[in-house]
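Next comes work-v8.txt, a file with compact mmCIF, C-alpha atoms.
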# COMPACT_ATOMS: atom_id res chain seq x y z
CA MET A 1 -58.16 9.37 -34.84
CA SER A 2 -55.84 9.54 -37.85
CA VAL A 3 -52.31 8.46 -36.94
CA PRO A 4 -49.39 9.47 -39.19
CA ALA A 5 -48.01 6.40 -40.95
CA PHE A 6 -44.53 5.52 -42.16
CA ILE A 7 -45.74 4.90 -45.72
CA ASP A 8 -49.15 4.67 -47.41
CA VAL A 9 -49.21 1.01 -48.52
CA SER A 10 -50.97 -2.20 -47.48
CA GLU A 11 -50.40 -3.51 -43.97
CA GLU A 12 -48.24 -6.40 -45.20
CA ASP A 13 -46.10 -4.14 -47.38
CA GLN A 14 -45.84 -1.63 -44.56
CA ALA A 15 -44.55 -4.33 -42.22
CA ALA A 16 -42.02 -5.37 -44.87
CA GLU A 17 -40.87 -1.76 -45.31
CA LEU A 18 -40.49 -1.43 -41.53
CA ARG A 19 -38.43 -4.62 -41.42
CA ALA A 20 -36.13 -3.38 -44.16
CA CYS A 21 -35.75 0.03 -42.54
CA LEU A 22 -34.91 -1.41 -39.11
CA LYS A 23 -32.50 -3.91 -40.65
CA SER A 24 -30.72 -1.06 -42.44
CA LYS A 25 -30.24 0.59 -39.05
CA GLY A 26 -28.59 -2.49 -37.59
CA ALA A 27 -31.46 -4.59 -36.27
CA GLU A 28 -31.07 -8.37 -36.42
CA LEU A 29 -34.26 -8.83 -38.35
CA SER A 30 -35.23 -10.60 -41.57
CA GLU A 31 -36.59 -8.41 -44.34
CA GLU A 32 -39.17 -11.05 -45.19
CA ASN A 33 -42.54 -11.03 -43.43
CA SER A 34 -43.27 -13.97 -41.18
CA GLU A 35 -45.88 -16.55 -42.10
CA GLY A 36 -47.71 -16.11 -38.84
CA GLY A 37 -49.56 -12.94 -39.78
CA LEU A 38 -49.31 -9.25 -39.05
CA HIS A 39 -49.28 -9.63 -35.27
CA ILE A 40 -46.19 -11.85 -35.45
CA ASP A 41 -44.47 -9.32 -37.71
CA LEU A 42 -45.32 -6.54 -35.29
CA ALA A 43 -44.02 -8.53 -32.33
CA GLN A 44 -40.66 -8.90 -34.08
CA ILE A 45 -40.62 -5.25 -35.21
CA ILE A 46 -41.37 -3.97 -31.70
CA GLU A 47 -38.63 -6.20 -30.29
CA ALA A 48 -36.14 -4.66 -32.76
CA CYS A 49 -37.30 -1.05 -32.63
CA ASP A 50 -34.61 -0.07 -30.09
CA VAL A 51 -32.26 0.64 -32.98
CA CYS A 52 -34.77 3.13 -34.33
CA LEU A 53 -35.21 4.91 -31.02
CA LYS A 54 -31.47 5.27 -30.70
CA GLU A 55 -31.32 7.15 -33.98
CA ASP A 56 -31.63 10.92 -34.04
CA ASP A 57 -32.96 11.42 -37.56
CA LYS A 58 -36.14 12.64 -39.21
CA ASP A 59 -37.43 9.10 -39.90
CA VAL A 60 -37.80 8.01 -36.28
CA GLU A 61 -41.19 9.62 -35.64
CA SER A 62 -42.70 8.29 -38.88
CA ILE A 63 -41.32 4.80 -38.30
CA MET A 64 -42.69 4.58 -34.76
CA ASN A 65 -46.04 6.09 -35.75
CA SER A 66 -46.26 3.43 -38.42
CA VAL A 67 -45.84 0.79 -35.72
CA VAL A 68 -48.61 2.47 -33.72
CA SER A 69 -50.95 2.64 -36.74
CA LEU A 70 -50.47 -1.07 -37.42
CA LEU A 71 -51.13 -1.89 -33.78
CA LEU A 72 -54.42 -0.02 -33.91
CA ILE A 73 -55.82 -2.14 -36.76
CA LEU A 74 -55.11 -5.46 -35.05
CA GLU A 75 -57.92 -7.51 -33.52
CA PRO A 76 -58.31 -6.67 -29.79
CA ASP A 77 -57.28 -10.15 -28.67
CA LYS A 78 -53.94 -9.77 -30.50
CA GLN A 79 -53.27 -6.19 -29.38
CA GLU A 80 -52.75 -6.52 -25.65
CA ALA A 81 -49.40 -8.31 -25.47
CA LEU A 82 -47.91 -6.17 -28.25
CA ILE A 83 -49.13 -2.92 -26.69
CA GLU A 84 -47.69 -3.96 -23.34
CA SER A 85 -44.37 -4.73 -25.01
CA LEU A 86 -44.24 -1.36 -26.82
CA CYS A 87 -45.23 0.55 -23.68
CA GLU A 88 -42.52 -1.19 -21.68
CA LYS A 89 -39.91 -0.18 -24.25
CA LEU A 90 -41.07 3.43 -24.39
CA VAL A 91 -41.09 3.73 -20.60
CA LYS A 92 -37.70 2.12 -20.02
CA PHE A 93 -35.80 3.49 -23.01
CA ARG A 94 -32.95 5.62 -21.67
CA GLU A 95 -35.03 7.30 -18.97
CA GLY A 96 -35.05 11.03 -19.49
CA GLU A 97 -34.08 10.85 -23.19
CA ARG A 98 -36.43 11.83 -26.02
CA PRO A 99 -39.41 12.23 -23.66
CA SER A 100 -41.45 14.35 -26.09
CA LEU A 101 -41.26 11.66 -28.79
CA ARG A 102 -42.18 8.91 -26.34
CA LEU A 103 -45.08 10.95 -24.98
CA GLN A 104 -46.35 11.68 -28.48
CA LEU A 105 -46.22 8.02 -29.50
CA LEU A 106 -48.03 6.89 -26.37
CA SER A 107 -50.58 9.67 -26.78
CA ASN A 108 -51.25 8.66 -30.39
CA LEU A 109 -51.72 5.07 -29.27
CA PHE A 110 -53.93 6.02 -26.32
CA HIS A 111 -56.25 8.33 -28.26
CA GLY A 112 -56.36 6.02 -31.27
CA MET A 113 -57.80 3.12 -29.28
CA ASP A 114 -61.44 2.48 -28.51
CA LYS A 115 -62.28 4.33 -25.29
CA SER A 116 -63.54 1.23 -23.48
CA THR A 117 -60.62 -1.04 -24.42
CA PRO A 118 -59.13 -2.33 -21.12
CA VAL A 119 -55.54 -2.28 -22.42
CA ARG A 120 -55.80 1.53 -22.55
CA TYR A 121 -55.01 1.23 -18.84
CA THR A 122 -51.50 -0.01 -19.73
CA VAL A 123 -50.96 2.88 -22.16
CA TYR A 124 -52.24 5.47 -19.69
CA CYS A 125 -49.94 4.19 -16.95
CA ALA A 126 -47.03 4.37 -19.42
CA LEU A 127 -48.01 7.96 -20.28
CA ILE A 128 -47.92 8.89 -16.60
CA LYS A 129 -44.53 7.23 -16.07
CA VAL A 130 -42.90 8.98 -19.03
CA ALA A 131 -44.49 12.33 -18.13
CA ALA A 132 -43.20 11.97 -14.58
CA THR A 133 -39.60 11.69 -15.79
CA CYS A 134 -39.71 15.09 -17.49
CA SER A 135 -42.23 17.10 -15.44
CA ALA A 136 -44.75 16.92 -18.30
CA ILE A 137 -47.80 15.68 -16.39
CA VAL A 138 -49.67 18.87 -17.37
CA TYR A 139 -49.62 17.68 -21.00
CA ILE A 140 -51.63 14.50 -20.44
CA PRO A 141 -55.27 14.19 -19.29
CA THR A 142 -55.46 13.88 -15.48
CA ASP A 143 -58.90 15.27 -14.63
CA LEU A 144 -60.13 13.11 -11.76
CA ASP A 145 -63.70 12.84 -13.08
CA GLN A 146 -62.34 11.58 -16.39
CA VAL A 147 -59.99 9.15 -14.64
CA ARG A 148 -62.91 7.79 -12.60
CA LYS A 149 -64.85 7.20 -15.82
CA TRP A 150 -61.92 5.39 -17.41
CA ILE A 151 -61.54 3.18 -14.35
CA THR A 152 -65.18 2.18 -14.78
CA ASP A 153 -65.00 1.81 -18.57
CA TRP A 154 -61.89 -0.36 -18.37
CA ASN A 155 -63.44 -2.47 -15.60
CA LEU A 156 -60.21 -2.34 -13.59
CA SER A 157 -59.53 -4.64 -10.69
CA THR A 158 -59.04 -3.04 -7.28
CA GLU A 159 -55.30 -3.63 -7.52
CA LYS A 160 -54.99 -1.93 -10.93
CA LYS A 161 -57.13 0.98 -9.75
CA HIS A 162 -54.78 1.49 -6.80
CA ILE A 163 -51.71 1.28 -9.06
CA LEU A 164 -53.11 3.87 -11.46
CA LEU A 165 -54.12 6.34 -8.75
CA ARG A 166 -50.82 5.94 -6.93
CA LEU A 167 -48.85 6.55 -10.14
CA LEU A 168 -50.92 9.64 -10.88
CA TYR A 169 -50.48 10.99 -7.36
CA GLU A 170 -46.70 10.59 -7.42
CA ALA A 171 -46.44 12.22 -10.87
CA LEU A 172 -48.52 15.21 -9.77
CA VAL A 173 -46.50 15.63 -6.58
CA ASP A 174 -43.11 15.41 -8.30
CA CYS A 175 -43.87 17.66 -11.27
CA LYS A 176 -41.74 20.84 -11.20
CA LYS A 177 -43.71 23.78 -12.60
CA SER A 178 -44.38 27.47 -12.02
CA ASP A 179 -45.95 28.59 -8.75
CA ASP A 180 -49.46 28.85 -10.23
CA GLU A 181 -49.23 25.45 -11.90
CA ALA A 182 -47.64 23.99 -8.76
CA ASP A 183 -50.64 25.08 -6.67
CA THR A 184 -53.04 23.45 -9.13
CA LEU A 185 -50.99 20.26 -9.30
CA SER A 186 -50.79 20.13 -5.51
CA ASP A 187 -54.58 20.40 -5.24
CA ASP A 188 -55.01 17.73 -7.91
CA ALA A 189 -52.55 15.45 -6.13
CA ALA A 190 -54.44 15.82 -2.85
CA LYS A 191 -57.74 14.93 -4.56
CA VAL A 192 -56.18 11.87 -6.19
CA MET A 193 -54.76 10.67 -2.86
CA VAL A 194 -58.16 11.08 -1.17
CA GLU A 195 -59.69 9.13 -4.07
CA LEU A 196 -57.08 6.40 -3.59
CA LEU A 197 -57.58 6.12 0.17
CA GLY A 198 -61.34 6.31 -0.23
CA SER A 199 -61.27 3.21 -2.42
CA TYR A 200 -60.07 1.00 0.44
CA THR A 201 -62.43 -0.94 2.69
CA ASP A 202 -62.22 -2.16 6.29
CA ASP A 203 -60.84 -5.44 4.96
CA ASN A 204 -57.87 -3.99 3.07
CA ALA A 205 -57.30 -0.63 4.78
CA SER A 206 -54.11 -1.92 6.39
CA GLN A 207 -52.55 -2.30 2.93
CA ALA A 208 -52.69 1.48 2.45
CA ARG A 209 -50.70 2.33 5.57
CA LEU A 210 -47.87 3.99 3.64
CA ASP A 211 -50.28 5.93 1.42
CA ALA A 212 -52.24 7.14 4.45
CA HIS A 213 -49.02 8.26 6.11
CA LYS A 214 -47.96 10.18 2.98
CA CYS A 215 -51.38 11.78 2.70
CA ILE A 216 -51.28 13.13 6.25
CA VAL A 217 -47.72 14.45 6.01
CA ARG A 218 -48.36 16.16 2.68
CA ALA A 219 -51.59 17.75 3.94
CA LEU A 220 -49.86 19.08 7.06
CA LYS A 221 -46.89 20.34 5.05
CA ASP A 222 -49.01 22.16 2.43
CA PRO A 223 -49.19 25.82 3.55
CA LYS A 224 -52.51 26.29 1.74
CA THR A 225 -54.34 23.27 3.15
CA PHE A 226 -56.30 24.09 6.29
CA LEU A 227 -59.41 21.87 6.24
CA LEU A 228 -58.41 18.35 7.19
CA ASP A 229 -61.41 16.79 8.93
CA HIS A 230 -62.44 14.80 5.82
CA LEU A 231 -59.22 12.78 6.12
CA LEU A 232 -60.30 11.28 9.44
CA ALA A 233 -63.20 9.50 7.72
CA LEU A 234 -60.93 7.60 5.33
CA LYS A 235 -60.55 3.96 6.39
CA PRO A 236 -56.75 3.71 5.90
CA ILE A 237 -56.33 6.77 8.12
CA LYS A 238 -58.73 5.36 10.69
CA PHE A 239 -56.48 2.31 10.73
CA LEU A 240 -53.70 4.53 12.10
CA GLU A 241 -55.67 5.46 15.23
CA GLY A 242 -53.52 5.24 18.33
CA GLU A 243 -50.32 6.13 16.46
CA LEU A 244 -48.52 9.47 16.76
CA ILE A 245 -49.25 10.42 13.14
CA HIS A 246 -52.99 10.09 13.77
CA ASP A 247 -52.74 12.05 17.01
CA LEU A 248 -50.93 14.83 15.15
CA LEU A 249 -53.58 14.95 12.42
CA THR A 250 -56.32 15.15 15.06
CA ILE A 251 -54.61 18.17 16.60
CA PHE A 252 -54.58 19.96 13.24
CA VAL A 253 -58.22 19.05 12.67
CA SER A 254 -59.75 20.34 15.89
CA ALA A 255 -57.29 21.22 18.69
CA LYS A 256 -55.71 24.52 19.68
CA LEU A 257 -52.14 25.75 19.33
CA SER A 258 -51.37 24.85 22.94
CA SER A 259 -52.10 21.18 22.19
CA TYR A 260 -49.66 21.19 19.30
CA VAL A 261 -46.95 22.87 21.41
CA LYS A 262 -47.36 20.18 24.07
CA PHE A 263 -47.24 17.43 21.40
CA TYR A 264 -44.08 18.92 19.90
CA GLN A 265 -42.35 19.15 23.27
CA ASN A 266 -43.00 15.45 23.82
CA ASN A 267 -42.35 14.27 20.24
CA LYS A 268 -39.79 16.63 18.68
CA ASP A 269 -37.83 13.82 17.03
CA PHE A 270 -41.01 12.43 15.50
CA ILE A 271 -41.93 15.79 13.93
CA ASP A 272 -38.41 16.09 12.53
CA SER A 273 -38.54 12.54 11.14
CA LEU A 274 -41.63 13.46 9.12
CA GLY A 275 -39.76 16.27 7.41
CA LEU A 276 -42.16 18.83 8.86
CA SER A 277 -41.07 22.31 9.88
CA HIS A 278 -41.99 23.20 13.45
CA GLU A 279 -42.13 26.89 12.53
CA GLN A 280 -44.52 26.22 9.66
CA ASN A 281 -46.61 23.98 11.89
CA MET A 282 -46.85 26.81 14.41
CA GLU A 283 -47.99 29.24 11.71
CA LYS A 284 -50.68 26.88 10.48
CA MET A 285 -51.87 26.02 13.98
CA ARG A 286 -52.12 29.72 14.86
CA LEU A 287 -54.44 30.27 11.92
CA LEU A 288 -56.46 27.13 12.67
CA THR A 289 -56.79 28.18 16.31
CA PHE A 290 -57.88 31.66 15.24
CA MET A 291 -60.47 30.14 12.87
CA GLY A 292 -61.96 28.21 15.77
CA MET A 293 -62.00 31.32 17.97
CA ALA A 294 -63.66 33.33 15.18
CA VAL A 295 -66.45 30.79 14.75
CA GLU A 296 -67.35 31.02 18.44
CA ASN A 297 -66.79 34.75 18.99
CA LYS A 298 -67.74 37.76 16.89
CA GLU A 299 -65.28 39.93 18.79
CA ILE A 300 -61.84 38.84 20.04
CA SER A 301 -59.62 41.06 22.17
CA PHE A 302 -55.95 41.56 21.37
CA ASP A 303 -55.08 40.18 24.80
CA THR A 304 -56.96 36.93 24.10
CA MET A 305 -55.23 36.59 20.75
CA GLN A 306 -51.81 37.11 22.30
CA GLN A 307 -52.50 34.43 24.88
CA GLU A 308 -54.14 31.82 22.63
CA LEU A 309 -51.85 32.33 19.63
CA GLN A 310 -48.66 32.90 21.64
CA ILE A 311 -47.71 36.09 19.82
CA GLY A 312 -46.56 39.52 20.97
CA ALA A 313 -48.72 42.65 20.95
CA GLU A 314 -46.72 44.02 18.03
CA ASP A 315 -47.54 40.93 15.93
CA VAL A 316 -51.33 40.96 16.22
CA GLU A 317 -52.05 43.23 13.25
CA ALA A 318 -49.67 41.41 10.92
CA PHE A 319 -51.23 38.09 11.93
CA VAL A 320 -54.77 39.33 11.23
CA ILE A 321 -53.71 40.60 7.79
CA ASP A 322 -52.19 37.20 6.94
CA ALA A 323 -55.31 35.44 8.23
CA VAL A 324 -57.53 37.51 5.95
CA LYS A 325 -55.20 36.83 3.00
CA SER A 326 -55.73 33.10 3.57
CA LYS A 327 -59.48 33.65 2.94
CA MET A 328 -60.25 31.38 5.87
CA VAL A 329 -61.33 34.31 8.05
CA TYR A 330 -62.87 37.69 7.21
CA CYS A 331 -62.52 40.31 9.93
CA LYS A 332 -61.44 43.86 10.65
CA ILE A 333 -59.26 45.45 13.31
CA ASP A 334 -60.63 47.88 15.85
CA GLN A 335 -57.50 49.66 17.02
CA THR A 336 -59.37 51.95 19.41
CA GLN A 337 -60.85 49.11 21.47
CA LYS A 338 -57.96 46.73 20.81
CA LYS A 339 -60.08 43.96 19.35
CA VAL A 340 -60.82 42.08 16.14
CA VAL A 341 -64.38 42.11 14.78
CA VAL A 342 -65.22 38.87 12.95
CA ILE A 343 -67.35 39.03 9.82
CA HIS A 344 -67.07 35.37 8.83
CA SER A 345 -64.89 32.35 9.56
CA THR A 346 -64.61 28.97 7.88
CA HIS A 347 -65.43 26.01 10.11
CA ARG A 348 -62.47 23.71 10.71
CA THR A 349 -64.81 20.73 10.94
CA PHE A 350 -68.19 20.27 9.28
CA GLY A 351 -70.39 17.86 11.19
CA LYS A 352 -74.03 17.43 12.17
CA GLN A 353 -74.15 20.76 14.00
CA GLN A 354 -72.84 22.66 10.96
CA TRP A 355 -75.28 20.91 8.64
CA GLN A 356 -78.12 21.92 10.96
CA GLN A 357 -76.93 25.53 10.93
CA LEU A 358 -76.77 25.48 7.14
CA TYR A 359 -80.27 24.00 7.00
CA ASP A 360 -81.61 26.72 9.31
CA ILE A 361 -80.00 29.47 7.20
CA LEU A 362 -81.38 28.10 3.93
CA ASN A 363 -84.80 27.57 5.47
CA SER A 364 -84.78 31.16 6.71
CA TRP A 365 -83.89 32.40 3.21
CA LYS A 366 -86.73 30.33 1.78
CA MET A 367 -89.24 31.83 4.21
CA ASN A 368 -88.04 35.38 3.46
CA LEU A 369 -88.27 34.78 -0.28
CA ASN A 370 -91.82 33.51 0.13
CA LYS A 371 -92.70 36.69 2.03
CA VAL A 372 -91.20 38.82 -0.73
CA LYS A 373 -93.12 36.81 -3.34
CA SER A 374 -96.41 37.28 -1.44
CA SER A 375 -95.78 41.01 -1.11
CA LEU A 376 -95.09 41.36 -4.83
CA GLN A 377 -98.22 39.39 -5.68
CA SER A 378 -100.31 41.66 -3.42
CA ILE A 379 -98.87 44.80 -5.03
CA SER A 380 -99.50 43.35 -8.49
CA ALA A 381 -103.13 42.49 -7.61
CA GLU A 382 -103.84 45.99 -6.27
CA ALA A 383 -102.39 47.56 -9.41
Would you kindly transcribe this structure into structure tokens?
Amino acid sequence: MSVPAFIDVSEEDQAAELRACLKSKGAELSEENSEGGLHIDLAQIIEACDVCLKEDDKDVESIMNSVVSLLLILEPDKQEALIESLCEKLVKFREGERPSLRLQLLSNLFHGMDKSTPVRYTVYCALIKVAATCSAIVYIPTDLDQVRKWITDWNLSTEKKHILLRLLYEALVDCKKSDDEADTLSDDAAKVMVELLGSYTDDNASQARLDAHKCIVRALKDPKTFLLDHLLALKPIKFLEGELIHDLLTIFVSAKLSSYVKFYQNNKDFIDSLGLSHEQNMEKMRLLTFMGMAVENKEISFDTMQQELQIGAEDVEAFVIDAVKSKMVYCKIDQTQKKVVVIHSTHRTFGKQQWQQLYDILNSWKMNLNKVKSSLQSISAEA
């Protein structure tokens, strides 16, 4: 990648020009290059570059890009400490000020480095931190498949992997964007959190207690998240078994509305302490309960719906319309016979029984296709 430079001269002369420029802006820095080599010069320049960042003139971007370009030509063993120092300055510098410049500089540095260089981890974390301060996470690469590849390429320790994923999750959650972008970011955040929790083992699952708690609360709070059974398999969430938060999650995974109502009556303060809305919980549990009913029954009477979902006769139609809008259930209303005819419903849990059903369906399709193939071959032979 070609990075814009402050001036097109040799590295030594460029360092000298940077020194002179920073000194003219008030930095306590000698104009003469050090005798220790370019990396020593850069260490001193980076230490003094605050005066440049404080300036609001046209030279700032070129000066800082020049620093980045010099960093990129250093030997790898001399880069790490200097890159960490620059990243720390760019992250901490007057939080909230000049975020676009800081993001651009970090992006230039990140994309200018060799893809497998471990210190790219430091730059990427700095990118996330700066983006999080200005709701700009959509402008940096966050695709989970790509992040997984980087984690492997950089040969990150378990601790660094957890730090990176946790930073990314928080940035995605906190980013303020339009409704469409918010939905995408919310989905991405959920995937990152599952990735984070899935990276824990039986030995260290207890260390992710807070993350597991956040994951459950956010999943329950999200009005568009209905399938939660995969969370129960995550080791940090298994570690919470026996606690109220785990009991609540289990209710949303497989129990009926009546179970939630009973839980709420006994643990109202706990629900409130989680920041969850009882009314929203009721709405979600009604839909989840209806999904379970629709899987087991192809026809459901209005009376049964009123009883199981705790709604009035006048609310049945509106509920069914909302259920269909969620795309979790496909059905139609039979007003004459006061019933709902189910066309399809998503399973709340997908276990061995569901896999067997899927296998049977696919196997049946295969047999039917073979029959069609044989029939076509017979017709072709006769012709």
task: Record the distance separating CA of Val340 (chain A) and CA of Met282 (chain A), expressed in Å with one decimal.
output: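 Computed distance, CA of Val340 (chain A) to CA of Met282 (chain A), equals 20.8 Å.
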query: Arg166 (chain A): which residues within 9 Å, counting all atoms listed in the file, same-chain residues fewer than 5 positions away excluded, as a list in words?
result: Lys161, Ala171, Val192, Met193, Leu196 and Asp211 of chain A
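Of the listed residues A:Leu90, A:Glu308, A:Val217, A:Ser273, the one whose atoms come nearest to Val261 (chain A) is A:Glu308, with distances taken using all atoms listed in the file.
Nearest residue to Asp334 (chain A), choosing from A:Ser85, A:Thr152, A:Thr142, A:Ser301 and counting all atoms listed in the file: A:Ser301.
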- prompt: In Å to one decimal, how far is CA of Ser258 (chain A) from CA of Asp272 (chain A)?
  reply: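 Distance reported for this atom pair: 18.8 Å.
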message: For a test of reading the model, state the distance in Å between CA of Val295 (chain A) and CA of Ser345 (chain A), rounded to one decimal.
response: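 Computing it gives 5.6 Å between the two atoms.
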query: Counting all atoms listed in the file, what is within 12 Å of Ala20 (chain A), bar same-chain residues fewer than 2 positions away, as JSON, numbers by chain?
result: {"A": [13, 14, 15, 16, 17, 18, 22, 23, 24, 25, 26, 27, 28, 29, 30, 31, 32, 33, 45, 48, 49, 52, 63]}
query: Hey, which of A:Leu227, A:Ile151, A:Val194, A:Cys21 ends up closest to Val60 (chain A)? Count all atoms listed in the file.
result: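 Using all atoms listed in the file, the shortest distance to Val60 (chain A) belongs to A:Cys21.
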- request: Can you pull out every residue within 6 Å of region 286-294 of chain A, counting only C-alpha atoms, but drop anything in the same chain fewer than 5 positions away, and send it as number ranges by chain?
  value: A: 256-257, 309, 345
Please dump the current selection as a short mmCIF file (atom, residue, chain, number, x, y, z; two decimals), keeping the file's coordinate frame; keep C-alpha atoms.
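See selection_5.cif below for the written result:
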data_model
loop_
_atom_site.label_atom_id
_atom_site.label_comp_id
_atom_site.auth_asym_id
_atom_site.auth_seq_id
_atom_site.Cartn_x
_atom_site.Cartn_y
_atom_site.Cartn_z
CA LYS A 256 -55.71 24.52 19.68
CA LEU A 257 -52.14 25.75 19.33
CA LEU A 309 -51.85 32.33 19.63
CA SER A 345 -64.89 32.35 9.56
#
query: Between A:Ile216, A:Leu38, A:Thr158, A:Leu165, which is the closest to Tyr200 (chain A) once you count only C-alpha atoms?
result: A:Thr158
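Shortest separation to Glu317 (chain A) among A:Asn297, A:Ser364, A:Asn65, A:Gln335 occurs at residue A:Gln335, atoms counted being only C-alpha atoms.
For region 40-43 of chain A, the non-local neighbours within 8 Å, defined as residues at least 3 positions apart in the same chain or in other chains and counting all atoms listed in the file, are A:Ala15, A:Asn33, A:Ser34, A:Gly36, A:Gly37, A:Ile46, A:Glu47, A:Val67, A:Leu70, A:Leu71, A:Leu82.
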query: Given the choices A:Glu170, A:Glu159, A:Glu314, A:Asp222, which gets closest to Ser199 (chain A) if the distance is worked out from all atoms listed in the file?
result: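 Once distances to Ser199 (chain A) are computed over all atoms listed in the file, the minimum belongs to A:Glu159.
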Leu220 (chain A) surroundings by all atoms listed in the file, 12 Å radius, close-in-sequence under 4 positions cut, as a ChimeraX atom specification: /A:190,213-216,224-229,231,245-246,248-253,271,274-278,280-285,288
Provide region 282-288 of chain A rebuilt to all heavy atoms, formatted as a PDB file, in the frame of the given file.
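Contents of result-v2.pdb, freshly written:
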ATOM      1  N   MET A 282     -46.371  25.781  13.488  1.00  0.00           N
ATOM      2  CA  MET A 282     -46.850  26.810  14.410  1.00  0.00           C
ATOM      3  C   MET A 282     -47.699  27.840  13.673  1.00  0.00           C
ATOM      4  O   MET A 282     -48.769  28.252  14.153  1.00  0.00           O
ATOM      5  CB  MET A 282     -45.663  27.494  15.098  1.00  0.00           C
ATOM      6  CG  MET A 282     -44.915  26.642  16.099  1.00  0.00           C
ATOM      7  SD  MET A 282     -45.851  26.340  17.620  1.00  0.00           S
ATOM      8  CE  MET A 282     -45.787  27.979  18.381  1.00  0.00           C
ATOM      9  N   GLU A 283     -47.230  28.259  12.494  1.00  0.00           N
ATOM     10  CA  GLU A 283     -47.990  29.240  11.710  1.00  0.00           C
ATOM     11  C   GLU A 283     -49.362  28.705  11.343  1.00  0.00           C
ATOM     12  O   GLU A 283     -50.368  29.408  11.456  1.00  0.00           O
ATOM     13  CB  GLU A 283     -47.212  29.601  10.435  1.00  0.00           C
ATOM     14  CG  GLU A 283     -45.959  30.430  10.689  1.00  0.00           C
ATOM     15  CD  GLU A 283     -45.216  30.734   9.398  1.00  0.00           C
ATOM     16  OE1 GLU A 283     -45.812  30.534   8.312  1.00  0.00           O
ATOM     17  OE2 GLU A 283     -44.061  31.173   9.469  1.00  0.00           O
ATOM     18  N   LYS A 284     -49.400  27.462  10.875  1.00  0.00           N
ATOM     19  CA  LYS A 284     -50.680  26.880  10.480  1.00  0.00           C
ATOM     20  C   LYS A 284     -51.602  26.701  11.674  1.00  0.00           C
ATOM     21  O   LYS A 284     -52.805  26.994  11.604  1.00  0.00           O
ATOM     22  CB  LYS A 284     -50.464  25.539   9.767  1.00  0.00           C
ATOM     23  CG  LYS A 284     -51.772  24.892   9.310  1.00  0.00           C
ATOM     24  CD  LYS A 284     -51.552  23.596   8.561  1.00  0.00           C
ATOM     25  CE  LYS A 284     -51.128  23.845   7.141  1.00  0.00           C
ATOM     26  NZ  LYS A 284     -51.219  22.611   6.297  1.00  0.00           N
ATOM     27  N   MET A 285     -51.050  26.238  12.800  1.00  0.00           N
ATOM     28  CA  MET A 285     -51.870  26.020  13.980  1.00  0.00           C
ATOM     29  C   MET A 285     -52.389  27.342  14.562  1.00  0.00           C
ATOM     30  O   MET A 285     -53.482  27.392  15.125  1.00  0.00           O
ATOM     31  CB  MET A 285     -51.083  25.252  15.047  1.00  0.00           C
ATOM     32  CG  MET A 285     -51.067  23.740  14.848  1.00  0.00           C
ATOM     33  SD  MET A 285     -52.710  22.972  14.706  1.00  0.00           S
ATOM     34  CE  MET A 285     -53.482  23.495  16.240  1.00  0.00           C
ATOM     35  N   ARG A 286     -51.631  28.410  14.417  1.00  0.00           N
ATOM     36  CA  ARG A 286     -52.120  29.720  14.860  1.00  0.00           C
ATOM     37  C   ARG A 286     -53.371  30.105  14.071  1.00  0.00           C
ATOM     38  O   ARG A 286     -54.370  30.561  14.634  1.00  0.00           O
ATOM     39  CB  ARG A 286     -51.038  30.777  14.700  1.00  0.00           C
ATOM     40  CG  ARG A 286     -49.955  30.744  15.767  1.00  0.00           C
ATOM     41  CD  ARG A 286     -49.098  32.001  15.754  1.00  0.00           C
ATOM     42  NE  ARG A 286     -48.079  31.928  16.796  1.00  0.00           N
ATOM     43  CZ  ARG A 286     -46.806  31.574  16.586  1.00  0.00           C
ATOM     44  NH1 ARG A 286     -46.400  31.275  15.357  1.00  0.00           N
ATOM     45  NH2 ARG A 286     -45.956  31.524  17.588  1.00  0.00           N
ATOM     46  N   LEU A 287     -53.287  29.918  12.748  1.00  0.00           N
ATOM     47  CA  LEU A 287     -54.440  30.270  11.920  1.00  0.00           C
ATOM     48  C   LEU A 287     -55.629  29.366  12.221  1.00  0.00           C
ATOM     49  O   LEU A 287     -56.763  29.826  12.341  1.00  0.00           O
ATOM     50  CB  LEU A 287     -54.073  30.164  10.432  1.00  0.00           C
ATOM     51  CG  LEU A 287     -55.217  30.441   9.453  1.00  0.00           C
ATOM     52  CD1 LEU A 287     -55.818  31.826   9.689  1.00  0.00           C
ATOM     53  CD2 LEU A 287     -54.750  30.300   8.016  1.00  0.00           C
ATOM     54  N   LEU A 288     -55.381  28.066  12.363  1.00  0.00           N
ATOM     55  CA  LEU A 288     -56.460  27.130  12.670  1.00  0.00           C
ATOM     56  C   LEU A 288     -57.105  27.455  14.014  1.00  0.00           C
ATOM     57  O   LEU A 288     -58.330  27.401  14.168  1.00  0.00           O
ATOM     58  CB  LEU A 288     -55.926  25.697  12.665  1.00  0.00           C
ATOM     59  CG  LEU A 288     -55.487  25.146  11.298  1.00  0.00           C
ATOM     60  CD1 LEU A 288     -54.789  23.800  11.464  1.00  0.00           C
ATOM     61  CD2 LEU A 288     -56.687  25.006  10.370  1.00  0.00           C
TER      62      LEU A 288
END
